[in-house]
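To be precise, the following lines are work.cif, and they hold mmCIF, N, CA and C atoms, pLDDT in the B column; chains and numbers go by the auth columns.
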data_structure
loop_
_atom_site.group_PDB
_atom_site.id
_atom_site.type_symbol
_atom_site.label_atom_id
_atom_site.label_comp_id
_atom_site.label_asym_id
_atom_site.label_seq_id
_atom_site.Cartn_x
_atom_site.Cartn_y
_atom_site.Cartn_z
_atom_site.B_iso_or_equiv
_atom_site.auth_seq_id
_atom_site.auth_asym_id
ATOM 1 N N MET A 1 16.383 -22.565 7.027 86.00 1466 O
ATOM 2 C CA MET A 1 15.053 -23.125 6.937 86.00 1466 O
ATOM 3 C C MET A 1 14.704 -23.279 5.459 86.00 1466 O
ATOM 4 N N ARG A 2 14.198 -24.412 5.093 90.00 1467 O
ATOM 5 C CA ARG A 2 13.801 -24.670 3.713 90.00 1467 O
ATOM 6 C C ARG A 2 12.276 -24.694 3.651 90.00 1467 O
ATOM 7 N N ILE A 3 11.736 -23.886 2.730 91.00 1468 O
ATOM 8 C CA ILE A 3 10.289 -23.878 2.525 91.00 1468 O
ATOM 9 C C ILE A 3 10.026 -24.087 1.044 91.00 1468 O
ATOM 10 N N GLN A 4 8.785 -24.391 0.710 93.00 1469 O
ATOM 11 C CA GLN A 4 8.433 -24.721 -0.664 93.00 1469 O
ATOM 12 C C GLN A 4 7.590 -23.612 -1.286 93.00 1469 O
ATOM 13 N N ILE A 5 7.921 -23.260 -2.525 93.00 1470 O
ATOM 14 C CA ILE A 5 7.135 -22.297 -3.294 93.00 1470 O
ATOM 15 C C ILE A 5 5.836 -22.988 -3.705 93.00 1470 O
ATOM 16 N N GLN A 6 4.708 -22.260 -3.608 95.00 1471 O
ATOM 17 C CA GLN A 6 3.410 -22.831 -3.953 95.00 1471 O
ATOM 18 C C GLN A 6 2.740 -21.994 -5.032 95.00 1471 O
ATOM 19 N N LYS A 7 1.852 -22.610 -5.786 95.00 1472 O
ATOM 20 C CA LYS A 7 1.096 -21.906 -6.814 95.00 1472 O
ATOM 21 C C LYS A 7 -0.030 -21.122 -6.156 95.00 1472 O
ATOM 22 N N TRP A 8 -0.226 -19.880 -6.644 93.00 1473 O
ATOM 23 C CA TRP A 8 -1.300 -19.016 -6.144 93.00 1473 O
ATOM 24 C C TRP A 8 -1.899 -18.341 -7.357 93.00 1473 O
ATOM 25 N N GLY A 9 -3.007 -18.878 -7.874 94.00 1474 O
ATOM 26 C CA GLY A 9 -3.575 -18.382 -9.129 94.00 1474 O
ATOM 27 C C GLY A 9 -2.600 -18.670 -10.257 94.00 1474 O
ATOM 28 N N ASN A 10 -2.269 -17.653 -11.034 95.00 1475 O
ATOM 29 C CA ASN A 10 -1.293 -17.807 -12.115 95.00 1475 O
ATOM 30 C C ASN A 10 0.117 -17.452 -11.657 95.00 1475 O
ATOM 31 N N SER A 11 0.292 -17.153 -10.393 96.00 1476 O
ATOM 32 C CA SER A 11 1.587 -16.746 -9.855 96.00 1476 O
ATOM 33 C C SER A 11 2.128 -17.796 -8.900 96.00 1476 O
ATOM 34 N N LEU A 12 3.269 -17.500 -8.350 94.00 1477 O
ATOM 35 C CA LEU A 12 3.856 -18.360 -7.327 94.00 1477 O
ATOM 36 C C LEU A 12 3.881 -17.593 -6.016 94.00 1477 O
ATOM 37 N N ALA A 13 3.774 -18.308 -4.902 93.00 1478 O
ATOM 38 C CA ALA A 13 3.723 -17.676 -3.585 93.00 1478 O
ATOM 39 C C ALA A 13 4.788 -18.266 -2.677 93.00 1478 O
ATOM 40 N N LEU A 14 5.290 -17.444 -1.815 90.00 1479 O
ATOM 41 C CA LEU A 14 6.290 -17.836 -0.837 90.00 1479 O
ATOM 42 C C LEU A 14 5.730 -17.503 0.538 90.00 1479 O
ATOM 43 N N ARG A 15 5.573 -18.496 1.379 92.00 1480 O
ATOM 44 C CA ARG A 15 5.060 -18.270 2.728 92.00 1480 O
ATOM 45 C C ARG A 15 6.210 -17.859 3.626 92.00 1480 O
ATOM 46 N N ILE A 16 6.022 -16.793 4.363 92.00 1481 O
ATOM 47 C CA ILE A 16 7.062 -16.296 5.264 92.00 1481 O
ATOM 48 C C ILE A 16 6.770 -16.829 6.663 92.00 1481 O
ATOM 49 N N PRO A 17 7.689 -17.579 7.245 93.00 1482 O
ATOM 50 C CA PRO A 17 7.475 -18.095 8.596 93.00 1482 O
ATOM 51 C C PRO A 17 7.266 -16.953 9.602 93.00 1482 O
ATOM 52 N N LYS A 18 6.437 -17.209 10.598 94.00 1483 O
ATOM 53 C CA LYS A 18 6.074 -16.194 11.588 94.00 1483 O
ATOM 54 C C LYS A 18 7.301 -15.562 12.238 94.00 1483 O
ATOM 55 N N ALA A 19 8.289 -16.356 12.603 94.00 1484 O
ATOM 56 C CA ALA A 19 9.486 -15.810 13.266 94.00 1484 O
ATOM 57 C C ALA A 19 10.216 -14.833 12.343 94.00 1484 O
ATOM 58 N N PHE A 20 10.295 -15.151 11.047 93.00 1485 O
ATOM 59 C CA PHE A 20 10.951 -14.256 10.098 93.00 1485 O
ATOM 60 C C PHE A 20 10.150 -12.962 9.957 93.00 1485 O
ATOM 61 N N ALA A 21 8.839 -13.095 9.878 92.00 1486 O
ATOM 62 C CA ALA A 21 7.977 -11.917 9.737 92.00 1486 O
ATOM 63 C C ALA A 21 8.109 -10.997 10.946 92.00 1486 O
ATOM 64 N N GLU A 22 8.119 -11.566 12.129 93.00 1487 O
ATOM 65 C CA GLU A 22 8.252 -10.760 13.349 93.00 1487 O
ATOM 66 C C GLU A 22 9.608 -10.062 13.408 93.00 1487 O
ATOM 67 N N ASP A 23 10.670 -10.778 13.030 93.00 1488 O
ATOM 68 C CA ASP A 23 12.018 -10.199 13.075 93.00 1488 O
ATOM 69 C C ASP A 23 12.198 -9.045 12.100 93.00 1488 O
ATOM 70 N N THR A 24 11.473 -9.084 10.980 90.00 1489 O
ATOM 71 C CA THR A 24 11.631 -8.046 9.965 90.00 1489 O
ATOM 72 C C THR A 24 10.519 -7.006 9.997 90.00 1489 O
ATOM 73 N N GLY A 25 9.520 -7.185 10.864 88.00 1490 O
ATOM 74 C CA GLY A 25 8.420 -6.227 10.952 88.00 1490 O
ATOM 75 C C GLY A 25 7.422 -6.352 9.812 88.00 1490 O
ATOM 76 N N VAL A 26 7.391 -7.511 9.166 91.00 1491 O
ATOM 77 C CA VAL A 26 6.465 -7.740 8.059 91.00 1491 O
ATOM 78 C C VAL A 26 5.165 -8.310 8.612 91.00 1491 O
ATOM 79 N N GLU A 27 4.050 -7.759 8.120 91.00 1492 O
ATOM 80 C CA GLU A 27 2.739 -8.268 8.512 91.00 1492 O
ATOM 81 C C GLU A 27 1.840 -8.259 7.295 91.00 1492 O
ATOM 82 N N GLU A 28 0.652 -8.792 7.422 92.00 1493 O
ATOM 83 C CA GLU A 28 -0.276 -8.834 6.299 92.00 1493 O
ATOM 84 C C GLU A 28 -0.494 -7.429 5.754 92.00 1493 O
ATOM 85 N N GLY A 29 -0.373 -7.276 4.450 90.00 1494 O
ATOM 86 C CA GLY A 29 -0.570 -5.980 3.817 90.00 1494 O
ATOM 87 C C GLY A 29 0.708 -5.172 3.647 90.00 1494 O
ATOM 88 N N THR A 30 1.828 -5.633 4.212 90.00 1495 O
ATOM 89 C CA THR A 30 3.091 -4.918 4.069 90.00 1495 O
ATOM 90 C C THR A 30 3.574 -5.009 2.627 90.00 1495 O
ATOM 91 N N ALA A 31 3.948 -3.879 2.053 91.00 1496 O
ATOM 92 C CA ALA A 31 4.519 -3.870 0.704 91.00 1496 O
ATOM 93 C C ALA A 31 6.007 -4.186 0.809 91.00 1496 O
ATOM 94 N N VAL A 32 6.519 -4.940 -0.148 92.00 1497 O
ATOM 95 C CA VAL A 32 7.947 -5.253 -0.173 92.00 1497 O
ATOM 96 C C VAL A 32 8.518 -4.920 -1.546 92.00 1497 O
ATOM 97 N N ASP A 33 9.794 -4.547 -1.565 92.00 1498 O
ATOM 98 C CA ASP A 33 10.524 -4.364 -2.810 92.00 1498 O
ATOM 99 C C ASP A 33 11.184 -5.695 -3.117 92.00 1498 O
ATOM 100 N N LEU A 34 10.844 -6.274 -4.265 93.00 1499 O
ATOM 101 C CA LEU A 34 11.367 -7.574 -4.659 93.00 1499 O
ATOM 102 C C LEU A 34 12.414 -7.372 -5.745 93.00 1499 O
ATOM 103 N N SER A 35 13.587 -7.985 -5.567 95.00 1500 O
ATOM 104 C CA SER A 35 14.655 -7.838 -6.547 95.00 1500 O
ATOM 105 C C SER A 35 15.490 -9.113 -6.598 95.00 1500 O
ATOM 106 N N ILE A 36 16.393 -9.132 -7.555 95.00 1501 O
ATOM 107 C CA ILE A 36 17.345 -10.234 -7.676 95.00 1501 O
ATOM 108 C C ILE A 36 18.734 -9.638 -7.509 95.00 1501 O
ATOM 109 N N SER A 37 19.515 -10.219 -6.613 95.00 1502 O
ATOM 110 C CA SER A 37 20.874 -9.755 -6.355 95.00 1502 O
ATOM 111 C C SER A 37 21.816 -10.948 -6.375 95.00 1502 O
ATOM 112 N N LYS A 38 22.733 -10.956 -7.330 95.00 1503 O
ATOM 113 C CA LYS A 38 23.707 -12.041 -7.462 95.00 1503 O
ATOM 114 C C LYS A 38 23.017 -13.404 -7.534 95.00 1503 O
ATOM 115 N N GLY A 39 21.923 -13.459 -8.306 95.00 1504 O
ATOM 116 C CA GLY A 39 21.195 -14.709 -8.492 95.00 1504 O
ATOM 117 C C GLY A 39 20.300 -15.112 -7.340 95.00 1504 O
ATOM 118 N N LYS A 40 20.135 -14.221 -6.358 94.00 1505 O
ATOM 119 C CA LYS A 40 19.289 -14.531 -5.198 94.00 1505 O
ATOM 120 C C LYS A 40 18.071 -13.619 -5.184 94.00 1505 O
ATOM 121 N N LEU A 41 16.945 -14.190 -4.786 93.00 1506 O
ATOM 122 C CA LEU A 41 15.701 -13.439 -4.654 93.00 1506 O
ATOM 123 C C LEU A 41 15.733 -12.687 -3.326 93.00 1506 O
ATOM 124 N N VAL A 42 15.528 -11.368 -3.376 93.00 1507 O
ATOM 125 C CA VAL A 42 15.608 -10.537 -2.175 93.00 1507 O
ATOM 126 C C VAL A 42 14.306 -9.759 -2.016 93.00 1507 O
ATOM 127 N N ALA A 43 13.679 -9.866 -0.857 91.00 1508 O
ATOM 128 C CA ALA A 43 12.454 -9.114 -0.539 91.00 1508 O
ATOM 129 C C ALA A 43 12.754 -8.218 0.651 91.00 1508 O
ATOM 130 N N ILE A 44 12.626 -6.902 0.448 91.00 1509 O
ATOM 131 C CA ILE A 44 12.912 -5.935 1.502 91.00 1509 O
ATOM 132 C C ILE A 44 11.632 -5.146 1.783 91.00 1509 O
ATOM 133 N N PRO A 45 11.205 -5.070 3.054 89.00 1510 O
ATOM 134 C CA PRO A 45 10.013 -4.271 3.361 89.00 1510 O
ATOM 135 C C PRO A 45 10.189 -2.845 2.852 89.00 1510 O
ATOM 136 N N ALA A 46 9.198 -2.362 2.095 88.00 1511 O
ATOM 137 C CA ALA A 46 9.257 -1.015 1.530 88.00 1511 O
ATOM 138 C C ALA A 46 9.013 0.014 2.622 88.00 1511 O
ATOM 139 N N LYS A 47 9.765 1.086 2.563 84.00 1512 O
ATOM 140 C CA LYS A 47 9.564 2.176 3.518 84.00 1512 O
ATOM 141 C C LYS A 47 8.413 3.040 3.030 84.00 1512 O
ATOM 142 N N ARG A 48 7.569 3.419 3.950 77.00 1513 O
ATOM 143 C CA ARG A 48 6.447 4.290 3.604 77.00 1513 O
ATOM 144 C C ARG A 48 6.964 5.698 3.401 77.00 1513 O
ATOM 145 N N ARG A 49 6.587 6.266 2.267 80.00 1514 O
ATOM 146 C CA ARG A 49 6.989 7.634 1.978 80.00 1514 O
ATOM 147 C C ARG A 49 5.863 8.571 2.379 80.00 1514 O
ATOM 148 N N LYS A 50 6.176 9.545 3.198 86.00 1515 O
ATOM 149 C CA LYS A 50 5.175 10.537 3.569 86.00 1515 O
ATOM 150 C C LYS A 50 5.169 11.622 2.505 86.00 1515 O
ATOM 151 N N LEU A 51 4.003 11.878 1.953 89.00 1516 O
ATOM 152 C CA LEU A 51 3.865 12.891 0.927 89.00 1516 O
ATOM 153 C C LEU A 51 3.419 14.205 1.548 89.00 1516 O
ATOM 154 N N SER A 52 3.940 15.292 1.028 93.00 1517 O
ATOM 155 C CA SER A 52 3.529 16.609 1.506 93.00 1517 O
ATOM 156 C C SER A 52 2.206 16.980 0.848 93.00 1517 O
ATOM 157 N N LEU A 53 1.549 17.980 1.381 95.00 1518 O
ATOM 158 C CA LEU A 53 0.296 18.446 0.796 95.00 1518 O
ATOM 159 C C LEU A 53 0.546 18.911 -0.636 95.00 1518 O
ATOM 160 N N ARG A 54 1.652 19.565 -0.868 94.00 1519 O
ATOM 161 C CA ARG A 54 1.996 20.036 -2.215 94.00 1519 O
ATOM 162 C C ARG A 54 2.121 18.853 -3.183 94.00 1519 O
ATOM 163 N N GLN A 55 2.751 17.769 -2.747 93.00 1520 O
ATOM 164 C CA GLN A 55 2.894 16.590 -3.597 93.00 1520 O
ATOM 165 C C GLN A 55 1.540 15.950 -3.887 93.00 1520 O
ATOM 166 N N LEU A 56 0.688 15.885 -2.875 92.00 1521 O
ATOM 167 C CA LEU A 56 -0.641 15.304 -3.070 92.00 1521 O
ATOM 168 C C LEU A 56 -1.478 16.152 -4.025 92.00 1521 O
ATOM 169 N N LEU A 57 -1.454 17.471 -3.834 93.00 1522 O
ATOM 170 C CA LEU A 57 -2.249 18.356 -4.686 93.00 1522 O
ATOM 171 C C LEU A 57 -1.729 18.388 -6.119 93.00 1522 O
ATOM 172 N N SER A 58 -0.457 18.100 -6.318 94.00 1523 O
ATOM 173 C CA SER A 58 0.098 18.095 -7.674 94.00 1523 O
ATOM 174 C C SER A 58 -0.511 16.969 -8.515 94.00 1523 O
ATOM 175 N N ARG A 59 -1.117 15.992 -7.879 92.00 1524 O
ATOM 176 C CA ARG A 59 -1.741 14.879 -8.597 92.00 1524 O
ATOM 177 C C ARG A 59 -3.184 15.162 -9.003 92.00 1524 O
ATOM 178 N N VAL A 60 -3.753 16.266 -8.538 93.00 1525 O
ATOM 179 C CA VAL A 60 -5.130 16.613 -8.878 93.00 1525 O
ATOM 180 C C VAL A 60 -5.140 17.208 -10.286 93.00 1525 O
ATOM 181 N N ASN A 61 -6.033 16.696 -11.135 93.00 1526 O
ATOM 182 C CA ASN A 61 -6.169 17.226 -12.490 93.00 1526 O
ATOM 183 C C ASN A 61 -7.640 17.194 -12.893 93.00 1526 O
ATOM 184 N N LYS A 62 -7.934 17.624 -14.108 91.00 1527 O
ATOM 185 C CA LYS A 62 -9.328 17.687 -14.562 91.00 1527 O
ATOM 186 C C LYS A 62 -9.994 16.316 -14.611 91.00 1527 O
ATOM 187 N N LEU A 63 -9.210 15.269 -14.815 93.00 1528 O
ATOM 188 C CA LEU A 63 -9.790 13.923 -14.920 93.00 1528 O
ATOM 189 C C LEU A 63 -10.189 13.333 -13.576 93.00 1528 O
ATOM 190 N N ASN A 64 -9.520 13.734 -12.480 93.00 1529 O
ATOM 191 C CA ASN A 64 -9.853 13.144 -11.179 93.00 1529 O
ATOM 192 C C ASN A 64 -10.476 14.146 -10.205 93.00 1529 O
ATOM 193 N N LEU A 65 -10.816 15.323 -10.698 91.00 1530 O
ATOM 194 C CA LEU A 65 -11.449 16.341 -9.852 91.00 1530 O
ATOM 195 C C LEU A 65 -12.963 16.174 -9.932 91.00 1530 O
ATOM 196 N N HIS A 66 -13.606 15.994 -8.791 89.00 1531 O
ATOM 197 C CA HIS A 66 -15.059 15.800 -8.803 89.00 1531 O
ATOM 198 C C HIS A 66 -15.766 17.147 -8.666 89.00 1531 O
ATOM 199 N N GLY A 67 -17.030 17.138 -8.996 89.00 1532 O
ATOM 200 C CA GLY A 67 -17.838 18.347 -8.896 89.00 1532 O
ATOM 201 C C GLY A 67 -18.336 18.571 -7.475 89.00 1532 O
ATOM 202 N N GLU A 68 -19.243 19.530 -7.351 91.00 1533 O
ATOM 203 C CA GLU A 68 -19.805 19.830 -6.043 91.00 1533 O
ATOM 204 C C GLU A 68 -20.625 18.641 -5.532 91.00 1533 O
ATOM 205 N N VAL A 69 -20.734 18.537 -4.211 90.00 1534 O
ATOM 206 C CA VAL A 69 -21.512 17.472 -3.585 90.00 1534 O
ATOM 207 C C VAL A 69 -22.623 18.122 -2.780 90.00 1534 O
ATOM 208 N N ASP A 70 -23.863 17.716 -3.048 90.00 1535 O
ATOM 209 C CA ASP A 70 -25.009 18.261 -2.322 90.00 1535 O
ATOM 210 C C ASP A 70 -25.183 17.482 -1.033 90.00 1535 O
ATOM 211 N N SER A 71 -25.122 18.168 0.093 84.00 1536 O
ATOM 212 C CA SER A 71 -25.259 17.505 1.377 84.00 1536 O
ATOM 213 C C SER A 71 -26.680 17.605 1.932 84.00 1536 O
ATOM 214 N N GLY A 72 -27.603 18.087 1.120 85.00 1537 O
ATOM 215 C CA GLY A 72 -28.997 18.162 1.545 85.00 1537 O
ATOM 216 C C GLY A 72 -29.353 19.520 2.119 85.00 1537 O
ATOM 217 N N PRO A 73 -30.612 19.654 2.516 85.00 1538 O
ATOM 218 C CA PRO A 73 -31.079 20.945 3.047 85.00 1538 O
ATOM 219 C C PRO A 73 -30.533 21.177 4.468 85.00 1538 O
ATOM 220 N N PRO A 74 -30.579 22.442 4.939 83.00 1539 O
ATOM 221 C CA PRO A 74 -30.133 22.739 6.294 83.00 1539 O
ATOM 222 C C PRO A 74 -30.935 21.941 7.318 83.00 1539 O
ATOM 223 N N VAL A 75 -30.294 21.520 8.400 86.00 1540 O
ATOM 224 C CA VAL A 75 -30.950 20.717 9.424 86.00 1540 O
ATOM 225 C C VAL A 75 -31.210 21.567 10.665 86.00 1540 O
ATOM 226 N N GLY A 76 -30.299 22.408 11.001 86.00 1541 O
ATOM 227 C CA GLY A 76 -30.429 23.238 12.195 86.00 1541 O
ATOM 228 C C GLY A 76 -30.571 24.699 11.803 86.00 1541 O
ATOM 229 N N ARG A 77 -29.715 25.543 12.377 85.00 1542 O
ATOM 230 C CA ARG A 77 -29.783 26.972 12.084 85.00 1542 O
ATOM 231 C C ARG A 77 -28.685 27.421 11.126 85.00 1542 O
ATOM 232 N N GLU A 78 -28.194 26.452 10.263 79.00 1543 O
ATOM 233 C CA GLU A 78 -27.175 26.830 9.291 79.00 1543 O
ATOM 234 C C GLU A 78 -27.750 27.810 8.283 79.00 1543 O
ATOM 235 N N VAL A 79 -26.900 28.613 7.734 76.00 1544 O
ATOM 236 C CA VAL A 79 -27.317 29.532 6.668 76.00 1544 O
ATOM 237 C C VAL A 79 -26.503 29.203 5.443 76.00 1544 O
ATOM 238 N N TRP A 80 -27.182 28.909 4.325 67.00 1545 O
ATOM 239 C CA TRP A 80 -26.480 28.552 3.093 67.00 1545 O
ATOM 240 C C TRP A 80 -26.588 29.664 2.117 67.00 1545 O
#

Please go through the file and, once you have read it, give me the structure as structure tokens.
Amino acid sequence: MRIQIQKWGNSLALRIPKAFAEDTGVEEGTAVDLSISKGKLVAIPAKRRKLSLRQLLSRVNKLNLHGEVDSGPPVGREVW
């Protein structure tokens, strides 16, 4: 199948035919790894990496840590 590259802002865009998208599991919002192999453009759907709690917490630092959040006065029989 031959398709045409189109301009999209300052970049170029490649439309993926529906049949190709369905066969590869690609849908709107899917991230792909784009590379060049032997002079050919290759787009491979990126695998989602599951991060552990330890990995997520390792990214917390003084610059992205927020302070306390006031949720307002008690509404029922809560004790603060």

Next item on the list: Could you tell me how far atom CA of Ala1496 of chain O lies from atom CA of Ala1511 of chain O, in Å and to one decimal?
Entry: 5.6 Å

Next item on the list: Determine which residues of chain O receive a DSSP assignment of helix (DSSP H, G or I), computed from the backbone, and state them as a PyMOL selection string.
Entry: chain O and resi 1483-1489+1518-1522

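Of note, atom CA of Met1466 of chain O and atom CA of Pro1482 of chain O are spaced 9.2 Å apart.
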
Next item on the list: Enumerate as a PyMOL selection string all residues of chain O assigned to strand (DSSP E) by DSSP on the backbone, naming them with the chain letters and numbers the document uses.
Entry: chain O and resi 1471-1473+1476-1478+1497-1502+1505-1510

Output N, CA and C atoms for every residue in the selection just made, as a PDB file, in the frame of the given file.
ATOM      1  N   GLN O1471       4.708 -22.260  -3.608  1.00 95.00           N
ATOM      2  CA  GLN O1471       3.410 -22.831  -3.953  1.00 95.00           C
ATOM      3  C   GLN O1471       2.740 -21.994  -5.032  1.00 95.00           C
ATOM      4  N   LYS O1472       1.852 -22.610  -5.786  1.00 95.00           N
ATOM      5  CA  LYS O1472       1.096 -21.906  -6.814  1.00 95.00           C
ATOM      6  C   LYS O1472      -0.030 -21.122  -6.156  1.00 95.00           C
ATOM      7  N   TRP O1473      -0.226 -19.880  -6.644  1.00 93.00           N
ATOM      8  CA  TRP O1473      -1.300 -19.016  -6.144  1.00 93.00           C
ATOM      9  C   TRP O1473      -1.899 -18.341  -7.357  1.00 93.00           C
ATOM     10  N   SER O1476       0.292 -17.153 -10.393  1.00 96.00           N
ATOM     11  CA  SER O1476       1.587 -16.746  -9.855  1.00 96.00           C
ATOM     12  C   SER O1476       2.128 -17.796  -8.900  1.00 96.00           C
ATOM     13  N   LEU O1477       3.269 -17.500  -8.350  1.00 94.00           N
ATOM     14  CA  LEU O1477       3.856 -18.360  -7.327  1.00 94.00           C
ATOM     15  C   LEU O1477       3.881 -17.593  -6.016  1.00 94.00           C
ATOM     16  N   ALA O1478       3.774 -18.308  -4.902  1.00 93.00           N
ATOM     17  CA  ALA O1478       3.723 -17.676  -3.585  1.00 93.00           C
ATOM     18  C   ALA O1478       4.788 -18.266  -2.677  1.00 93.00           C
ATOM     19  N   VAL O1497       6.519  -4.940  -0.148  1.00 92.00           N
ATOM     20  CA  VAL O1497       7.947  -5.253  -0.173  1.00 92.00           C
ATOM     21  C   VAL O1497       8.518  -4.920  -1.546  1.00 92.00           C
ATOM     22  N   ASP O1498       9.794  -4.547  -1.565  1.00 92.00           N
ATOM     23  CA  ASP O1498      10.524  -4.364  -2.810  1.00 92.00           C
ATOM     24  C   ASP O1498      11.184  -5.695  -3.117  1.00 92.00           C
ATOM     25  N   LEU O1499      10.844  -6.274  -4.265  1.00 93.00           N
ATOM     26  CA  LEU O1499      11.367  -7.574  -4.659  1.00 93.00           C
ATOM     27  C   LEU O1499      12.414  -7.372  -5.745  1.00 93.00           C
ATOM     28  N   SER O1500      13.587  -7.985  -5.567  1.00 95.00           N
ATOM     29  CA  SER O1500      14.655  -7.838  -6.547  1.00 95.00           C
ATOM     30  C   SER O1500      15.490  -9.113  -6.598  1.00 95.00           C
ATOM     31  N   ILE O1501      16.393  -9.132  -7.555  1.00 95.00           N
ATOM     32  CA  ILE O1501      17.345 -10.234  -7.676  1.00 95.00           C
ATOM     33  C   ILE O1501      18.734  -9.638  -7.509  1.00 95.00           C
ATOM     34  N   SER O1502      19.515 -10.219  -6.613  1.00 95.00           N
ATOM     35  CA  SER O1502      20.874  -9.755  -6.355  1.00 95.00           C
ATOM     36  C   SER O1502      21.816 -10.948  -6.375  1.00 95.00           C
ATOM     37  N   LYS O1505      20.135 -14.221  -6.358  1.00 94.00           N
ATOM     38  CA  LYS O1505      19.289 -14.531  -5.198  1.00 94.00           C
ATOM     39  C   LYS O1505      18.071 -13.619  -5.184  1.00 94.00           C
ATOM     40  N   LEU O1506      16.945 -14.190  -4.786  1.00 93.00           N
ATOM     41  CA  LEU O1506      15.701 -13.439  -4.654  1.00 93.00           C
ATOM     42  C   LEU O1506      15.733 -12.687  -3.326  1.00 93.00           C
ATOM     43  N   VAL O1507      15.528 -11.368  -3.376  1.00 93.00           N
ATOM     44  CA  VAL O1507      15.608 -10.537  -2.175  1.00 93.00           C
ATOM     45  C   VAL O1507      14.306  -9.759  -2.016  1.00 93.00           C
ATOM     46  N   ALA O1508      13.679  -9.866  -0.857  1.00 91.00           N
ATOM     47  CA  ALA O1508      12.454  -9.114  -0.539  1.00 91.00           C
ATOM     48  C   ALA O1508      12.754  -8.218   0.651  1.00 91.00           C
ATOM     49  N   ILE O1509      12.626  -6.902   0.448  1.00 91.00           N
ATOM     50  CA  ILE O1509      12.912  -5.935   1.502  1.00 91.00           C
ATOM     51  C   ILE O1509      11.632  -5.146   1.783  1.00 91.00           C
ATOM     52  N   PRO O1510      11.205  -5.070   3.054  1.00 89.00           N
ATOM     53  CA  PRO O1510      10.013  -4.271   3.361  1.00 89.00           C
ATOM     54  C   PRO O1510      10.189  -2.845   2.852  1.00 89.00           C
TER      55      PRO O1510
END

Next item on the list: For Leu1499 of chain O, please output as a VMD selection string all residues within 8 Å (counting only N, CA and C atoms; exclusion window: fewer than 6 positions along the same chain).
Entry: chain O and resid 1506 to 1511

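Put simply, atom CA of Glu1493 of chain O is 12.3 Å away from atom N of Arg1480 of chain O.
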
Could you add the missing atoms to segment 1531-1542 of chain O, up to N, CA, C and O atoms, and return them as a JSON list (two decimals), in the frame of the given file?
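After the write, rebuild-v1.json holds the following:
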[["chain", "number", "residue", "atom", "x", "y", "z"],
["O", 1531, "HIS", "N", -13.61, 15.99, -8.79],
["O", 1531, "HIS", "CA", -15.06, 15.80, -8.80],
["O", 1531, "HIS", "C", -15.77, 17.15, -8.67],
["O", 1531, "HIS", "O", -15.18, 18.14, -8.26],
["O", 1532, "GLY", "N", -17.03, 17.14, -9.00],
["O", 1532, "GLY", "CA", -17.84, 18.35, -8.90],
["O", 1532, "GLY", "C", -18.34, 18.57, -7.48],
["O", 1532, "GLY", "O", -17.91, 17.90, -6.53],
["O", 1533, "GLU", "N", -19.24, 19.53, -7.35],
["O", 1533, "GLU", "CA", -19.80, 19.83, -6.04],
["O", 1533, "GLU", "C", -20.62, 18.64, -5.53],
["O", 1533, "GLU", "O", -21.18, 17.88, -6.30],
["O", 1534, "VAL", "N", -20.73, 18.54, -4.21],
["O", 1534, "VAL", "CA", -21.51, 17.47, -3.58],
["O", 1534, "VAL", "C", -22.62, 18.12, -2.78],
["O", 1534, "VAL", "O", -22.37, 18.99, -1.94],
["O", 1535, "ASP", "N", -23.86, 17.72, -3.05],
["O", 1535, "ASP", "CA", -25.01, 18.26, -2.32],
["O", 1535, "ASP", "C", -25.18, 17.48, -1.03],
["O", 1535, "ASP", "O", -25.35, 16.26, -1.04],
["O", 1536, "SER", "N", -25.12, 18.17, 0.09],
["O", 1536, "SER", "CA", -25.26, 17.50, 1.38],
["O", 1536, "SER", "C", -26.68, 17.60, 1.93],
["O", 1536, "SER", "O", -26.93, 17.26, 3.08],
["O", 1537, "GLY", "N", -27.60, 18.09, 1.12],
["O", 1537, "GLY", "CA", -29.00, 18.16, 1.54],
["O", 1537, "GLY", "C", -29.35, 19.52, 2.12],
["O", 1537, "GLY", "O", -28.53, 20.43, 2.23],
["O", 1538, "PRO", "N", -30.61, 19.65, 2.52],
["O", 1538, "PRO", "CA", -31.08, 20.94, 3.05],
["O", 1538, "PRO", "C", -30.53, 21.18, 4.47],
["O", 1538, "PRO", "O", -30.08, 20.24, 5.13],
["O", 1539, "PRO", "N", -30.58, 22.44, 4.94],
["O", 1539, "PRO", "CA", -30.13, 22.74, 6.29],
["O", 1539, "PRO", "C", -30.94, 21.94, 7.32],
["O", 1539, "PRO", "O", -32.12, 21.70, 7.15],
["O", 1540, "VAL", "N", -30.29, 21.52, 8.40],
["O", 1540, "VAL", "CA", -30.95, 20.72, 9.42],
["O", 1540, "VAL", "C", -31.21, 21.57, 10.66],
["O", 1540, "VAL", "O", -32.24, 21.44, 11.30],
["O", 1541, "GLY", "N", -30.30, 22.41, 11.00],
["O", 1541, "GLY", "CA", -30.43, 23.24, 12.20],
["O", 1541, "GLY", "C", -30.57, 24.70, 11.80],
["O", 1541, "GLY", "O", -31.40, 25.05, 10.98],
["O", 1542, "ARG", "N", -29.72, 25.54, 12.38],
["O", 1542, "ARG", "CA", -29.78, 26.97, 12.08],
["O", 1542, "ARG", "C", -28.68, 27.42, 11.13],
["O", 1542, "ARG", "O", -28.27, 28.57, 11.14]]
